[in-house]
>>> print(open('data36.cif').read())   # mmCIF, C-alpha atoms
data_structure
loop_
_atom_site.group_PDB
_atom_site.id
_atom_site.type_symbol
_atom_site.label_atom_id
_atom_site.label_comp_id
_atom_site.auth_asym_id
_atom_site.auth_seq_id
_atom_site.Cartn_x
_atom_site.Cartn_y
_atom_site.Cartn_z
ATOM 1 C CA MET A 1 -118.387 -228.194 59.479
ATOM 2 C CA ASN A 2 -116.837 -226.732 56.452
ATOM 3 C CA ASP A 3 -116.281 -228.946 53.410
ATOM 4 C CA SER A 4 -112.624 -228.174 52.975
ATOM 5 C CA SER A 5 -111.807 -229.122 56.573
ATOM 6 C CA ARG A 6 -113.774 -232.368 56.277
ATOM 7 C CA ASN A 7 -111.933 -233.407 53.146
ATOM 8 C CA ALA A 8 -108.490 -232.118 54.009
ATOM 9 C CA THR A 9 -105.766 -234.543 54.986
ATOM 10 C CA PRO A 10 -105.021 -233.677 58.579
ATOM 11 C CA THR A 11 -101.432 -232.667 59.159
ATOM 12 C CA LEU A 12 -99.645 -231.492 62.230
ATOM 13 C CA TRP A 13 -97.613 -229.296 59.954
ATOM 14 C CA GLU A 14 -97.364 -229.286 56.183
ATOM 15 C CA ASP A 15 -94.606 -231.890 56.047
ATOM 16 C CA GLU A 16 -96.008 -234.182 58.703
ATOM 17 C CA PRO A 17 -99.159 -236.100 57.737
ATOM 18 C CA LEU A 18 -101.366 -237.644 60.384
ATOM 19 C CA ALA A 19 -103.950 -240.339 59.997
ATOM 20 C CA GLY A 20 -107.550 -239.792 60.965
ATOM 21 C CA PRO A 21 -110.291 -237.253 60.382
ATOM 22 C CA CYS A 22 -110.798 -234.250 62.611
ATOM 23 C CA LYS A 23 -114.029 -232.426 63.299
ATOM 24 C CA VAL A 24 -113.584 -228.698 63.179
ATOM 25 C CA LEU A 25 -116.368 -226.407 64.299
ATOM 26 C CA VAL A 26 -115.289 -222.826 64.088
ATOM 27 C CA SER A 27 -117.077 -219.656 64.948
ATOM 28 C CA ALA A 28 -116.850 -216.632 62.700
ATOM 29 C CA PRO A 29 -114.497 -213.969 63.986
ATOM 30 C CA LEU A 30 -115.350 -210.637 65.582
ATOM 31 C CA SER A 31 -118.847 -209.425 64.759
ATOM 32 C CA HIS A 32 -120.011 -212.899 63.711
ATOM 33 C CA ARG A 33 -118.559 -214.727 66.645
ATOM 34 C CA THR A 34 -119.842 -217.396 68.960
ATOM 35 C CA PRO A 35 -118.313 -218.028 72.390
ATOM 36 C CA SER A 36 -115.762 -220.646 71.420
ATOM 37 C CA ILE A 37 -114.320 -222.905 68.792
ATOM 38 C CA ALA A 38 -115.149 -226.496 69.668
ATOM 39 C CA ILE A 39 -112.986 -229.124 68.104
ATOM 40 C CA THR A 40 -112.866 -232.822 68.770
ATOM 41 C CA SER A 41 -110.761 -235.437 67.102
ATOM 42 C CA ASP A 42 -112.110 -238.816 66.073
ATOM 43 C CA GLU A 43 -108.797 -240.348 67.102
ATOM 44 C CA THR A 44 -108.693 -239.234 70.721
ATOM 45 C CA SER A 45 -111.049 -237.707 73.211
ATOM 46 C CA THR A 46 -108.476 -236.995 75.885
ATOM 47 C CA THR A 47 -109.468 -233.413 76.394
ATOM 48 C CA SER A 48 -112.881 -231.820 76.797
ATOM 49 C CA GLU A 49 -111.514 -228.280 76.632
ATOM 50 C CA PRO A 50 -112.080 -226.246 73.456
ATOM 51 C CA ALA A 51 -109.143 -226.334 71.044
ATOM 52 C CA VAL A 52 -109.065 -222.555 70.830
ATOM 53 C CA VAL A 53 -111.343 -220.028 72.463
ATOM 54 C CA ALA A 54 -112.537 -217.695 69.726
ATOM 55 C CA ALA A 55 -112.802 -214.734 72.078
ATOM 56 C CA SER A 56 -109.065 -215.030 72.750
ATOM 57 C CA LEU A 57 -108.314 -214.917 69.028
ATOM 58 C CA ASP A 58 -110.659 -211.971 68.613
ATOM 59 C CA ALA A 59 -108.781 -210.140 71.353
ATOM 60 C CA LEU A 60 -105.453 -210.985 69.710
ATOM 61 C CA ALA A 61 -106.775 -209.849 66.315
ATOM 62 C CA VAL A 62 -107.573 -206.452 67.815
ATOM 63 C CA LEU A 63 -104.240 -206.336 69.641
ATOM 64 C CA PHE A 64 -102.185 -207.138 66.539
ATOM 65 C CA ALA A 65 -104.333 -205.175 64.070
ATOM 66 C CA ASP A 66 -101.721 -202.449 63.655
ATOM 67 C CA ALA A 67 -98.649 -204.615 64.225
ATOM 68 C CA PRO A 68 -96.475 -205.560 61.237
ATOM 69 C CA GLY A 69 -98.027 -208.658 59.644
ATOM 70 C CA GLY A 70 -101.032 -208.460 61.954
ATOM 71 C CA LEU A 71 -102.523 -211.543 63.572
ATOM 72 C CA GLU A 72 -101.205 -213.799 60.805
ATOM 73 C CA ALA A 73 -97.588 -212.965 61.646
ATOM 74 C CA PHE A 74 -98.268 -213.506 65.327
ATOM 75 C CA LEU A 75 -99.856 -216.888 64.676
ATOM 76 C CA GLY A 76 -96.763 -217.746 62.640
ATOM 77 C CA ILE A 77 -94.688 -217.072 65.763
ATOM 78 C CA PHE A 78 -97.054 -219.280 67.751
ATOM 79 C CA ASP A 79 -96.786 -222.087 65.194
ATOM 80 C CA ALA A 80 -92.979 -221.992 65.175
ATOM 81 C CA THR A 81 -92.872 -221.917 68.970
ATOM 82 C CA VAL A 82 -95.207 -224.902 69.284
ATOM 83 C CA ARG A 83 -93.128 -226.846 66.745
ATOM 84 C CA GLY A 84 -89.943 -226.164 68.668
ATOM 85 C CA GLU A 85 -91.383 -226.998 72.068
ATOM 86 C CA PHE A 86 -93.116 -230.131 70.778
ATOM 87 C CA ASP A 87 -89.797 -231.379 69.348
ATOM 88 C CA ARG A 88 -88.027 -230.587 72.607
ATOM 89 C CA LEU A 89 -90.705 -232.369 74.600
ATOM 90 C CA GLU A 90 -90.517 -235.430 72.362
ATOM 91 C CA ASN A 91 -86.747 -235.564 72.813
ATOM 92 C CA PHE A 92 -87.037 -235.338 76.592
ATOM 93 C CA LEU A 93 -89.729 -238.019 76.602
ATOM 94 C CA ALA A 94 -87.530 -240.289 74.477
ATOM 95 C CA VAL A 95 -84.681 -240.126 76.998
ATOM 96 C CA GLU A 96 -87.053 -240.014 80.002
ATOM 97 C CA ASP A 97 -85.587 -236.738 81.241
ATOM 98 C CA ALA A 98 -88.204 -235.706 83.824
ATOM 99 C CA ALA A 99 -86.796 -232.203 84.402
ATOM 100 C CA GLY A 100 -86.726 -231.561 80.658
ATOM 101 C CA ILE A 101 -90.260 -232.895 80.254
ATOM 102 C CA ILE A 102 -91.490 -230.600 83.024
ATOM 103 C CA ALA A 103 -89.783 -227.550 81.492
ATOM 104 C CA ALA A 104 -90.918 -228.214 77.919
ATOM 105 C CA ALA A 105 -94.486 -229.124 78.891
ATOM 106 C CA HIS A 106 -94.688 -226.075 81.162
ATOM 107 C CA ARG A 107 -93.558 -223.753 78.392
ATOM 108 C CA LEU A 108 -95.858 -225.317 75.812
ATOM 109 C CA ALA A 109 -98.781 -224.985 78.248
ATOM 110 C CA GLY A 110 -98.014 -221.317 78.868
ATOM 111 C CA THR A 111 -97.707 -220.515 75.175
ATOM 112 C CA SER A 112 -100.942 -222.353 74.367
ATOM 113 C CA LEU A 113 -103.019 -220.829 77.124
ATOM 114 C CA GLN A 114 -101.846 -217.366 76.101
ATOM 115 C CA ILE A 115 -103.639 -217.690 72.756
ATOM 116 C CA GLY A 116 -106.648 -219.495 74.239
ATOM 117 C CA ALA A 117 -105.612 -222.994 73.095
ATOM 118 C CA GLN A 118 -107.117 -224.563 76.179
ATOM 119 C CA GLY A 119 -107.071 -228.189 75.049
ATOM 120 C CA LEU A 120 -103.359 -228.070 74.289
ATOM 121 C CA GLY A 121 -102.658 -226.167 77.500
ATOM 122 C CA ALA A 122 -104.587 -228.687 79.592
ATOM 123 C CA THR A 123 -102.879 -231.648 77.929
ATOM 124 C CA CYS A 124 -99.460 -230.134 78.572
ATOM 125 C CA LYS A 125 -100.350 -229.436 82.195
ATOM 126 C CA ARG A 126 -101.273 -233.105 82.615
ATOM 127 C CA ILE A 127 -97.914 -234.127 81.115
ATOM 128 C CA GLU A 128 -96.124 -231.683 83.402
ATOM 129 C CA ALA A 129 -98.017 -232.938 86.465
ATOM 130 C CA ALA A 130 -97.209 -236.568 85.667
ATOM 131 C CA ALA A 131 -93.512 -235.767 85.222
ATOM 132 C CA LYS A 132 -93.479 -233.734 88.439
ATOM 133 C CA ALA A 133 -94.942 -236.764 90.226
ATOM 134 C CA GLY A 134 -92.032 -238.781 88.847
ATOM 135 C CA ASP A 135 -94.269 -240.834 86.555
ATOM 136 C CA VAL A 136 -92.573 -240.520 83.169
ATOM 137 C CA THR A 137 -94.600 -243.451 81.827
ATOM 138 C CA GLU A 138 -97.806 -241.546 82.526
ATOM 139 C CA ALA A 139 -96.292 -238.408 81.000
ATOM 140 C CA ARG A 140 -95.529 -240.384 77.834
ATOM 141 C CA ARG A 141 -99.049 -241.808 77.806
ATOM 142 C CA ARG A 142 -100.516 -238.329 78.140
ATOM 143 C CA ALA A 143 -98.199 -237.040 75.428
ATOM 144 C CA ARG A 144 -99.646 -239.510 72.913
ATOM 145 C CA ALA A 145 -102.646 -237.166 72.644
ATOM 146 C CA LEU A 146 -100.493 -234.202 71.649
ATOM 147 C CA PRO A 147 -100.373 -234.701 67.853
ATOM 148 C CA ASP A 148 -104.170 -234.770 67.633
ATOM 149 C CA VAL A 149 -104.554 -231.857 70.009
ATOM 150 C CA ILE A 150 -102.022 -229.777 68.064
ATOM 151 C CA LEU A 151 -103.724 -230.788 64.845
ATOM 152 C CA ALA A 152 -107.017 -229.495 66.228
ATOM 153 C CA VAL A 153 -105.416 -226.188 67.191
ATOM 154 C CA ASN A 154 -103.847 -225.793 63.745
ATOM 155 C CA HIS A 155 -107.166 -226.534 62.064
ATOM 156 C CA SER A 156 -109.023 -224.053 64.202
ATOM 157 C CA LEU A 157 -106.445 -221.324 63.610
ATOM 158 C CA ARG A 158 -106.601 -221.880 59.862
ATOM 159 C CA GLU A 159 -110.391 -221.796 59.962
ATOM 160 C CA TYR A 160 -110.334 -218.628 62.020
ATOM 161 C CA GLU A 161 -108.025 -216.927 59.545
ATOM 162 C CA LYS A 162 -110.159 -218.129 56.648
ATOM 163 C CA ASN A 163 -113.327 -216.784 58.267
ATOM 164 C CA ALA A 164 -111.595 -213.514 59.105
ATOM 165 C CA ALA A 165 -110.542 -213.137 55.465
ATOM 166 C CA LEU A 166 -114.103 -213.872 54.367
ATOM 167 C CA ALA A 167 -115.504 -211.354 56.841
ATOM 168 C CA ARG A 168 -113.159 -208.698 55.437
ATOM 169 C CA THR A 169 -114.475 -209.242 51.917
ATOM 170 C CA VAL A 170 -118.162 -208.948 52.938
ATOM 171 C CA MET B 1 -90.150 -194.859 79.010
ATOM 172 C CA LYS B 2 -87.917 -197.809 78.290
ATOM 173 C CA VAL B 3 -88.780 -201.324 79.421
ATOM 174 C CA LEU B 4 -86.777 -204.542 79.132
ATOM 175 C CA ILE B 5 -88.614 -207.818 78.635
ATOM 176 C CA VAL B 6 -86.674 -210.983 79.426
ATOM 177 C CA ASP B 7 -88.583 -214.015 78.203
ATOM 178 C CA ASP B 8 -87.539 -216.988 76.082
ATOM 179 C CA ASP B 9 -91.058 -217.528 74.767
ATOM 180 C CA PRO B 10 -91.426 -215.571 71.493
ATOM 181 C CA VAL B 11 -95.242 -215.648 71.804
ATOM 182 C CA ILE B 12 -95.212 -213.970 75.211
ATOM 183 C CA ALA B 13 -92.532 -211.501 74.094
ATOM 184 C CA ALA B 14 -94.572 -210.563 71.001
ATOM 185 C CA ILE B 15 -97.639 -209.903 73.134
ATOM 186 C CA VAL B 16 -95.738 -207.815 75.683
ATOM 187 C CA LYS B 17 -94.135 -205.807 72.875
ATOM 188 C CA VAL B 18 -97.410 -205.032 71.140
ATOM 189 C CA VAL B 19 -99.312 -204.307 74.359
ATOM 190 C CA LEU B 20 -96.711 -201.978 75.848
ATOM 191 C CA GLY B 21 -95.667 -200.592 72.462
ATOM 192 C CA SER B 22 -99.225 -199.436 71.870
ATOM 193 C CA SER B 23 -99.087 -197.622 75.216
ATOM 194 C CA GLY B 24 -95.996 -195.683 74.181
ATOM 195 C CA TYR B 25 -93.286 -197.734 75.852
ATOM 196 C CA SER B 26 -90.018 -198.465 74.114
ATOM 197 C CA ILE B 27 -89.272 -202.175 74.470
ATOM 198 C CA ASP B 28 -86.029 -204.127 74.346
ATOM 199 C CA HIS B 29 -86.187 -207.907 74.407
ATOM 200 C CA ALA B 30 -83.714 -210.455 75.713
ATOM 201 C CA SER B 31 -84.532 -214.103 75.085
ATOM 202 C CA ASP B 32 -82.334 -215.568 77.818
ATOM 203 C CA GLY B 33 -81.368 -214.820 81.382
ATOM 204 C CA VAL B 34 -77.686 -214.110 80.807
ATOM 205 C CA SER B 35 -78.206 -211.471 78.113
ATOM 206 C CA GLY B 36 -81.191 -210.115 80.032
ATOM 207 C CA LEU B 37 -79.072 -209.634 83.126
ATOM 208 C CA ALA B 38 -76.342 -207.923 81.120
ATOM 209 C CA LEU B 39 -78.835 -205.504 79.571
ATOM 210 C CA ALA B 40 -80.552 -204.832 82.893
ATOM 211 C CA LEU B 41 -77.230 -204.066 84.585
ATOM 212 C CA SER B 42 -76.672 -201.264 82.072
ATOM 213 C CA GLY B 43 -79.252 -199.336 84.105
ATOM 214 C CA ALA B 44 -80.867 -198.029 80.936
ATOM 215 C CA TYR B 45 -84.377 -199.180 81.789
ATOM 216 C CA ASP B 46 -87.309 -197.710 83.669
ATOM 217 C CA GLY B 47 -88.606 -201.192 84.354
ATOM 218 C CA MET B 48 -87.930 -204.832 83.661
ATOM 219 C CA ILE B 49 -90.410 -207.599 82.924
ATOM 220 C CA LEU B 50 -88.858 -210.916 83.819
ATOM 221 C CA ASP B 51 -90.124 -214.418 83.158
ATOM 222 C CA LEU B 52 -89.445 -216.897 85.937
ATOM 223 C CA GLY B 53 -89.094 -219.974 83.727
ATOM 224 C CA LEU B 54 -86.172 -219.039 81.488
ATOM 225 C CA GLY B 55 -84.292 -221.754 79.649
ATOM 226 C CA ASP B 56 -80.717 -221.009 80.730
ATOM 227 C CA VAL B 57 -81.008 -219.654 84.281
ATOM 228 C CA SER B 58 -84.159 -219.130 86.295
ATOM 229 C CA GLY B 59 -85.700 -215.687 86.506
ATOM 230 C CA GLU B 60 -85.237 -215.844 90.264
ATOM 231 C CA VAL B 61 -81.462 -216.227 89.838
ATOM 232 C CA VAL B 62 -81.406 -213.286 87.411
ATOM 233 C CA LEU B 63 -83.360 -211.218 89.911
ATOM 234 C CA ARG B 64 -81.057 -212.078 92.833
ATOM 235 C CA GLU B 65 -77.963 -211.288 90.725
ATOM 236 C CA LEU B 66 -79.501 -207.985 89.716
ATOM 237 C CA ARG B 67 -80.215 -206.941 93.289
ATOM 238 C CA GLN B 68 -76.861 -208.174 94.590
ATOM 239 C CA SER B 69 -75.211 -206.022 91.924
ATOM 240 C CA GLY B 70 -76.981 -202.973 93.336
ATOM 241 C CA CYS B 71 -79.320 -202.483 90.378
ATOM 242 C CA ASN B 72 -82.602 -201.055 91.634
ATOM 243 C CA THR B 73 -84.562 -201.120 88.375
ATOM 244 C CA PRO B 74 -88.126 -202.100 89.291
ATOM 245 C CA VAL B 75 -88.904 -205.666 88.253
ATOM 246 C CA LEU B 76 -92.243 -207.195 87.327
ATOM 247 C CA ILE B 77 -92.243 -210.978 87.365
ATOM 248 C CA LEU B 78 -94.181 -212.947 84.762
ATOM 249 C CA THR B 79 -95.161 -216.412 85.884
ATOM 250 C CA ALA B 80 -97.751 -219.067 85.244
ATOM 251 C CA ASP B 81 -97.387 -220.137 88.869
ATOM 252 C CA SER B 82 -99.639 -218.122 91.161
ATOM 253 C CA SER B 83 -98.852 -220.113 94.307
ATOM 254 C CA ASP B 84 -98.203 -218.230 97.550
ATOM 255 C CA GLU B 85 -94.804 -219.865 97.836
ATOM 256 C CA THR B 86 -93.668 -218.606 94.423
ATOM 257 C CA MET B 87 -94.989 -215.119 95.100
ATOM 258 C CA ARG B 88 -93.193 -215.003 98.455
ATOM 259 C CA LYS B 89 -89.950 -216.231 96.907
ATOM 260 C CA VAL B 90 -89.879 -213.700 94.090
ATOM 261 C CA LEU B 91 -90.869 -210.787 96.306
ATOM 262 C CA ASP B 92 -88.170 -211.786 98.805
ATOM 263 C CA ALA B 93 -85.698 -212.010 95.930
ATOM 264 C CA GLY B 94 -86.354 -208.370 95.096
ATOM 265 C CA ALA B 95 -89.308 -208.309 92.700
ATOM 266 C CA ASP B 96 -91.641 -205.335 92.898
ATOM 267 C CA GLN B 97 -94.718 -206.769 91.212
ATOM 268 C CA HIS B 98 -95.941 -209.821 89.445
ATOM 269 C CA VAL B 99 -98.362 -210.758 86.676
ATOM 270 C CA VAL B 100 -99.748 -214.260 86.344
ATOM 271 C CA LYS B 101 -99.916 -215.694 82.826
ATOM 272 C CA PRO B 102 -101.885 -215.786 80.584
ATOM 273 C CA ILE B 103 -101.233 -212.079 80.288
ATOM 274 C CA GLN B 104 -104.262 -209.801 80.306
ATOM 275 C CA PRO B 105 -103.302 -206.666 78.340
ATOM 276 C CA GLY B 106 -105.109 -204.223 80.634
ATOM 277 C CA GLU B 107 -103.477 -205.673 83.725
ATOM 278 C CA LEU B 108 -100.022 -205.652 82.115
ATOM 279 C CA ILE B 109 -100.365 -201.984 81.148
ATOM 280 C CA ALA B 110 -101.553 -200.991 84.627
ATOM 281 C CA GLN B 111 -98.804 -202.990 86.334
ATOM 282 C CA THR B 112 -96.183 -201.472 84.032
ATOM 283 C CA ARG B 113 -97.443 -197.977 84.795
ATOM 284 C CA ALA B 114 -97.097 -198.797 88.494
ATOM 285 C CA LEU B 115 -93.605 -200.161 87.847
ATOM 286 C CA VAL B 116 -92.509 -196.947 86.162
ATOM 287 C CA ARG B 117 -94.008 -194.884 89.019
ATOM 288 C CA CYS B 118 -91.915 -196.997 91.346
ATOM 289 C CA ARG B 119 -88.824 -196.143 89.272
ATOM 290 C CA LYS B 120 -89.612 -192.437 89.485
ATOM 291 C CA ARG B 121 -89.952 -192.635 93.285
ATOM 292 C CA ILE B 122 -86.628 -194.454 93.525
ATOM 293 C CA SER B 123 -84.943 -191.849 91.305
ATOM 294 C CA ALA B 124 -86.456 -189.029 93.371
ATOM 295 C CA ALA B 125 -85.265 -190.641 96.594
ATOM 296 C CA PHE B 126 -81.718 -190.947 95.248
ATOM 297 C CA ALA B 127 -81.820 -187.336 94.120
ATOM 298 C CA LEU B 128 -82.501 -186.115 97.676
#
>>> encode(input="data36.cif", output="structure tokens")
Amino acid sequence: MNDSSRNATPTLWEDEPLAGPCKVLVSAPLSHRTPSIAITSDETSTTSEPAVVAASLDALAVLFADAPGGLEAFLGIFDATVRGEFDRLENFLAVEDAAGIIAAAHRLAGTSLQIGAQGLGATCKRIEAAAKAGDVTEARRRARALPDVILAVNHSLREYEKNAALARTV
Amino acid sequence: MKVLIVDDDPVIAAIVKVVLGSSGYSIDHASDGVSGLALALSGAYDGMILDLGLGDVSGEVVLRELRQSGCNTPVLILTADSSDETMRKVLDAGADQHVVKPIQPGELIAQTRALVRCRKRISAAFAL
């Protein structure tokens, strides 16, 4: 684990502090890589899937290498999309709108799995499945894990970018 | 070759744009079904990539409207649902191909090439 991640105050996003430490184990990108980024939170252990699969980020880094803003700009799009969908999902959960929960969880799962955020994708699929079964209470229970899972994804993406920047300077 | 992507997920749209853009396709993007349908009906596209789970109207409705309006632009459906029932429904609604998400770049490029070949065959048939 890297010192800065151990000491950092975990936040979902910059303006939204969360309590609790988060273990972040991140592989180096590209030529220094290991098969996956494994992240677990001390607060919840609701998902055994890796937060983000490093190979997926490596593939995206290659894909967006020549795009304006590169991978960083793309991950900015991902971050904004997750924020929006998480807010939408929370609103639907608050009013127990099953159709809305299904749609928002489905979209968040799709977005997450596309970048290799398997833990977030799996959590969202569980929320979607519960809502589809008509069990909004279970969907809400499952959704309680989301802040920690999103936190883990954000940490791993930041670590990946940091390692990529380091690799470029070597 | 000009392709229209209709998807309300900016992450998916960004990936489609960069994947197909790097293969020489010109990409237009609509982020909802209504504007996507309007663009598709212009007939300016060699192919259309359509998400099933749009926020305003479903991709299946867009597809049915498109076909009922006589637009024969080849359509590739993007969906996270790989069930037989979904595949049957979208093919019956007039889709030509489908790609299951998460998108694999190589598969998307190959499917898009096939989509454009389909367009050329349709154009040739109408020219006869």
>>> interface_residues(input="data36.cif", of="chain A", to="chain B", cutoff="8 Å", atoms="all atoms listed in the file", output="short mmCIF file (atom, residue, chain, number, x, y, z; two decimals) with C-alpha atoms, in the coordinates of the input")
data_model
loop_
_atom_site.label_atom_id
_atom_site.label_comp_id
_atom_site.auth_asym_id
_atom_site.auth_seq_id
_atom_site.Cartn_x
_atom_site.Cartn_y
_atom_site.Cartn_z
CA LEU A 63 -104.24 -206.34 69.64
CA PHE A 64 -102.18 -207.14 66.54
CA ALA A 67 -98.65 -204.62 64.22
CA PHE A 74 -98.27 -213.51 65.33
CA ILE A 77 -94.69 -217.07 65.76
CA PHE A 78 -97.05 -219.28 67.75
CA THR A 81 -92.87 -221.92 68.97
CA ALA A 103 -89.78 -227.55 81.49
CA ARG A 107 -93.56 -223.75 78.39
CA GLY A 110 -98.01 -221.32 78.87
CA THR A 111 -97.71 -220.52 75.18
CA LEU A 113 -103.02 -220.83 77.12
CA GLN A 114 -101.85 -217.37 76.10
#
>>> atom_distance(input="data36.cif", atom1="atom CA of Arg88 of chain B", atom2="atom CA of Pro74 of chain B")
16.6 Å
>>> residues_around(input="data36.cif", residues="Ala93 of chain B", least_positions_apart="5", cutoff="7 Å", atoms="all atoms listed in the file", output="PyMOL selection string")
chain B and resi 60+63-64
>>> residues_around(input="data36.cif", residues="Lys120 of chain B", least_positions_apart="4", cutoff="12 Å", atoms="all atoms listed in the file", output="list in words")
Met1, Tyr45, Asp46, Gly47, Asn72, Thr73, Pro74, Arg113, Ala114, Leu115, Val116, Ala124, Ala125, Phe126 and Ala127 of chain B
>>> atom_distance(input="data36.cif", atom1="atom CA of Arg168 of chain A", atom2="atom CA of Gly70 of chain A")
13.8 Å
>>> atom_distance(input="data36.cif", atom1="atom CA of Gly94 of chain B", atom2="atom CA of Asp81 of chain B")
17.3 Å
>>> axis_aligned_box(input="data36.cif", around="segment 127-134 of chain A", padding_each_side="4 Å", output="AutoDock Vina command-line options")
--center_x -95.0 --center_y -235.2 --center_z 85.7 --size_x 14.0 --size_y 15.1 --size_z 17.1
>>> resolve_selection(input="data36.cif", expression="the PyMOL selection byres ((chain A and resi 127) around 7)", output="list in words")
Ala105, Thr123, Cys124, Lys125, Arg126, Glu128, Ala129, Ala130, Ala131, Ala139, Arg142 and Ala143 of chain A
>>> residues_around(input="data36.cif", residues="Asp97 of chain A", least_positions_apart="2", cutoff="12 Å", atoms="all atoms listed in the file", output="list in words")
Arg88, Leu89, Glu90, Asn91, Phe92, Leu93, Ala94, Val95, Ala99, Gly100, Ile101, Ile102, Ala103, Ala104, Ala105, Glu128, Ala131, Lys132, Gly134, Asp135, Val136, Thr137, Ala139 and Arg140 of chain A
>>> resolve_selection(input="data36.cif", expression="the PyMOL selection byres ((chain B and resi 97) around 7)", output="PyMOL selection string")
chain B and resi 75-77+95-96+98
>>> closest_residue(input="data36.cif", among="A:Ala98, A:Leu71, A:Ala59, A:Leu146", to="Glu85 of chain A", atoms="all atoms listed in the file")
A:Leu146
>>> closest_residue(input="data36.cif", among="A:Ala165, A:Ile115, A:Ile150, A:Leu157", to="Leu60 of chain A", atoms="only C-alpha atoms")
A:Ile115
>>> resolve_selection(input="data36.cif", expression="the PyMOL selection byres ((chain B and resi 5) around 7)", output="list in words")
Val3, Leu4, Val6, Asp7, Asp28, His29, Ala30, Met48, Ile49 and Leu50 of chain B
>>> closest_residue(input="data36.cif", among="B:Gly106, B:Leu20, B:Gly59, B:Arg67", to="Thr86 of chain B", atoms="only C-alpha atoms")
B:Gly59
>>> build_atoms(input="data36.cif", residues="segment 18-23 of chain B", atoms="all heavy atoms", output="CSV table (one decimal), in the frame of the given file")
chain,number,residue,atom,x,y,z
B,18,VAL,N,-96.3,-205.7,71.8
B,18,VAL,CA,-97.4,-205.0,71.1
B,18,VAL,C,-98.3,-204.3,72.2
B,18,VAL,O,-98.8,-203.2,71.9
B,18,VAL,CB,-98.2,-206.0,70.2
B,18,VAL,CG1,-99.2,-206.9,71.0
B,18,VAL,CG2,-99.0,-205.2,69.2
B,19,VAL,N,-98.5,-204.9,73.3
B,19,VAL,CA,-99.3,-204.3,74.4
B,19,VAL,C,-98.6,-203.0,74.9
B,19,VAL,O,-99.3,-202.0,74.9
B,19,VAL,CB,-99.6,-205.3,75.5
B,19,VAL,CG1,-100.2,-204.6,76.7
B,19,VAL,CG2,-100.5,-206.4,75.1
B,20,LEU,N,-97.4,-203.1,75.3
B,20,LEU,CA,-96.7,-202.0,75.8
B,20,LEU,C,-96.3,-201.0,74.8
B,20,LEU,O,-96.3,-199.8,75.0
B,20,LEU,CB,-95.5,-202.4,76.7
B,20,LEU,CG,-95.8,-203.3,77.9
B,20,LEU,CD1,-94.6,-203.6,78.7
B,20,LEU,CD2,-96.9,-202.6,78.8
B,21,GLY,N,-96.0,-201.5,73.6
B,21,GLY,CA,-95.7,-200.6,72.5
B,21,GLY,C,-96.8,-199.7,72.1
B,21,GLY,O,-96.7,-198.5,71.9
B,22,SER,N,-98.0,-200.2,72.2
B,22,SER,CA,-99.2,-199.4,71.9
B,22,SER,C,-99.5,-198.4,73.0
B,22,SER,O,-100.3,-197.5,72.8
B,22,SER,CB,-100.4,-200.3,71.7
B,22,SER,OG,-100.8,-201.0,72.9
B,23,SER,N,-98.9,-198.6,74.1
B,23,SER,CA,-99.1,-197.6,75.2
B,23,SER,C,-97.9,-196.6,75.3
B,23,SER,O,-97.8,-195.9,76.3
B,23,SER,CB,-99.2,-198.4,76.6
B,23,SER,OG,-100.4,-199.1,76.6
